[in-house]
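Source file coords.pdb; content: PDB, C-alpha atoms, pLDDT in the B column.
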ATOM      1  CA  MET A  77      33.571  18.278 -95.331  1.00 60.00           C
ATOM      2  CA  VAL A  78      34.441  19.460 -98.816  1.00 63.00           C
ATOM      3  CA  ILE A  79      31.776  20.235-101.353  1.00 66.00           C
ATOM      4  CA  ALA A  80      33.094  20.375-104.884  1.00 66.00           C
ATOM      5  CA  ALA A  81      32.389  23.435-106.949  1.00 66.00           C
ATOM      6  CA  PRO A  82      29.797  22.947-109.701  1.00 65.00           C
ATOM      7  CA  GLY A  83      31.494  21.654-112.814  1.00 65.00           C
ATOM      8  CA  SER A  84      34.613  20.649-110.901  1.00 64.00           C
ATOM      9  CA  HIS A  85      36.361  17.494-112.044  1.00 65.00           C
ATOM     10  CA  SER A  86      38.941  17.408-109.276  1.00 63.00           C
ATOM     11  CA  GLY A  87      37.756  14.071-107.908  1.00 63.00           C
ATOM     12  CA  TRP A  88      37.445  15.440-104.373  1.00 67.00           C
ATOM     13  CA  GLY A  89      34.282  16.360-102.517  1.00 68.00           C
ATOM     14  CA  PHE A  90      30.667  15.423-103.069  1.00 74.00           C
ATOM     15  CA  HIS A  91      29.902  14.914-106.734  1.00 77.00           C
ATOM     16  CA  GLY A  92      26.598  13.740-108.099  1.00 81.00           C
ATOM     17  CA  ARG A  93      28.282  10.850-109.899  1.00 84.00           C
ATOM     18  CA  ALA A  94      30.101   9.750-106.731  1.00 83.00           C
ATOM     19  CA  GLU A  95      26.859   9.774-104.760  1.00 87.00           C
ATOM     20  CA  LEU A  96      25.098   7.763-107.479  1.00 91.00           C
ATOM     21  CA  LEU A  97      27.914   5.206-107.507  1.00 91.00           C
ATOM     22  CA  ASN A  98      27.883   4.980-103.713  1.00 92.00           C
ATOM     23  CA  GLY A  99      24.128   4.410-103.662  1.00 94.00           C
ATOM     24  CA  ARG A 100      24.280   1.796-106.394  1.00 96.00           C
ATOM     25  CA  LEU A 101      27.089  -0.089-104.672  1.00 96.00           C
ATOM     26  CA  ALA A 102      25.182   0.008-101.378  1.00 96.00           C
ATOM     27  CA  MET A 103      22.091  -1.460-103.074  1.00 97.00           C
ATOM     28  CA  LEU A 104      24.225  -4.122-104.738  1.00 97.00           C
ATOM     29  CA  GLY A 105      25.855  -5.068-101.436  1.00 93.00           C
ATOM     30  CA  PHE A 106      22.507  -5.226 -99.667  1.00 93.00           C
ATOM     31  CA  GLY A 107      21.061  -7.426-102.411  1.00 94.00           C
ATOM     32  CA  ILE A 108      24.054  -9.764-102.333  1.00 93.00           C
ATOM     33  CA  GLY A 109      23.775  -9.962 -98.540  1.00 89.00           C
ATOM     34  CA  LEU A 110      20.120 -10.972 -98.809  1.00 92.00           C
ATOM     35  CA  VAL A 111      20.843 -13.635-101.424  1.00 94.00           C
ATOM     36  CA  VAL A 112      23.701 -15.106 -99.367  1.00 92.00           C
ATOM     37  CA  GLU A 113      21.493 -15.110 -96.270  1.00 92.00           C
ATOM     38  CA  VAL A 114      18.711 -16.974 -98.094  1.00 94.00           C
ATOM     39  CA  LEU A 115      21.107 -19.510 -99.609  1.00 95.00           C
ATOM     40  CA  SER A 116      23.075 -20.196 -96.434  1.00 93.00           C
ATOM     41  CA  GLY A 117      20.253 -19.963 -93.906  1.00 91.00           C
ATOM     42  CA  GLN A 118      22.452 -17.843 -91.643  1.00 89.00           C
ATOM     43  CA  GLY A 119      22.270 -14.152 -90.896  1.00 86.00           C
ATOM     44  CA  ILE A 120      25.194 -11.836 -91.462  1.00 84.00           C
ATOM     45  CA  LEU A 121      26.353 -12.046 -87.846  1.00 83.00           C
ATOM     46  CA  GLN A 122      26.520 -15.848 -87.956  1.00 86.00           C
ATOM     47  CA  GLN A 123      28.396 -15.701 -91.260  1.00 84.00           C
ATOM     48  CA  LEU A 124      30.965 -13.396 -89.688  1.00 83.00           C
ATOM     49  CA  GLY A 125      31.313 -15.628 -86.637  1.00 85.00           C
ATOM     50  CA  LEU A 126      29.551 -13.154 -84.343  1.00 84.00           C
ATOM     51  CA  GLY A 127      26.420 -15.233 -83.763  1.00 79.00           C
ATOM     52  CA  ALA A 128      27.134 -15.342 -80.029  1.00 79.00           C
ATOM     53  CA  LEU A 129      26.200 -11.672 -79.863  1.00 80.00           C
ATOM     54  CA  LEU A 130      22.616 -12.601 -80.745  1.00 77.00           C
ATOM     55  CA  HIS A 131      22.178 -15.048 -77.842  1.00 73.00           C
ATOM     56  CA  GLN A 132      23.168 -12.782 -74.933  1.00 67.00           C
ATOM     57  CA  GLY A 133      19.946 -11.993 -73.333  1.00 55.00           C
TER      58      GLY A 133
END

Any chance you could give the structure as structure tokens?
Amino acid sequence: MVIAAPGSHSGWGFHGRAELLNGRLAMLGFGIGLVVEVLSGQGILQQLGLGALLHQG
């Protein structure tokens, strides 16, 4: 694991801006997943064709 030095603009390591972008993209993906689930009536596993995994037990 590489932690970037404070003030470093190398593009490698953990930067505050990279972590903010990652968090924002994760929230966006989660929100889109919820909207698609509501509109389609299917969970993510059914949408991916893995619905059989839910009915094994």

A straight line from CA of Gln118 (chain A) to CA of Phe106 (chain A) spans 15.0 Å

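For the atom pair formed by CA of Gly117 (chain A) and CA of Leu130 (chain A), the distance is 15.3 Å, given to one decimal.
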
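Take CA of Gln122 (chain A) and CA of Gly107 (chain A): the distance between them is 17.6 Å.
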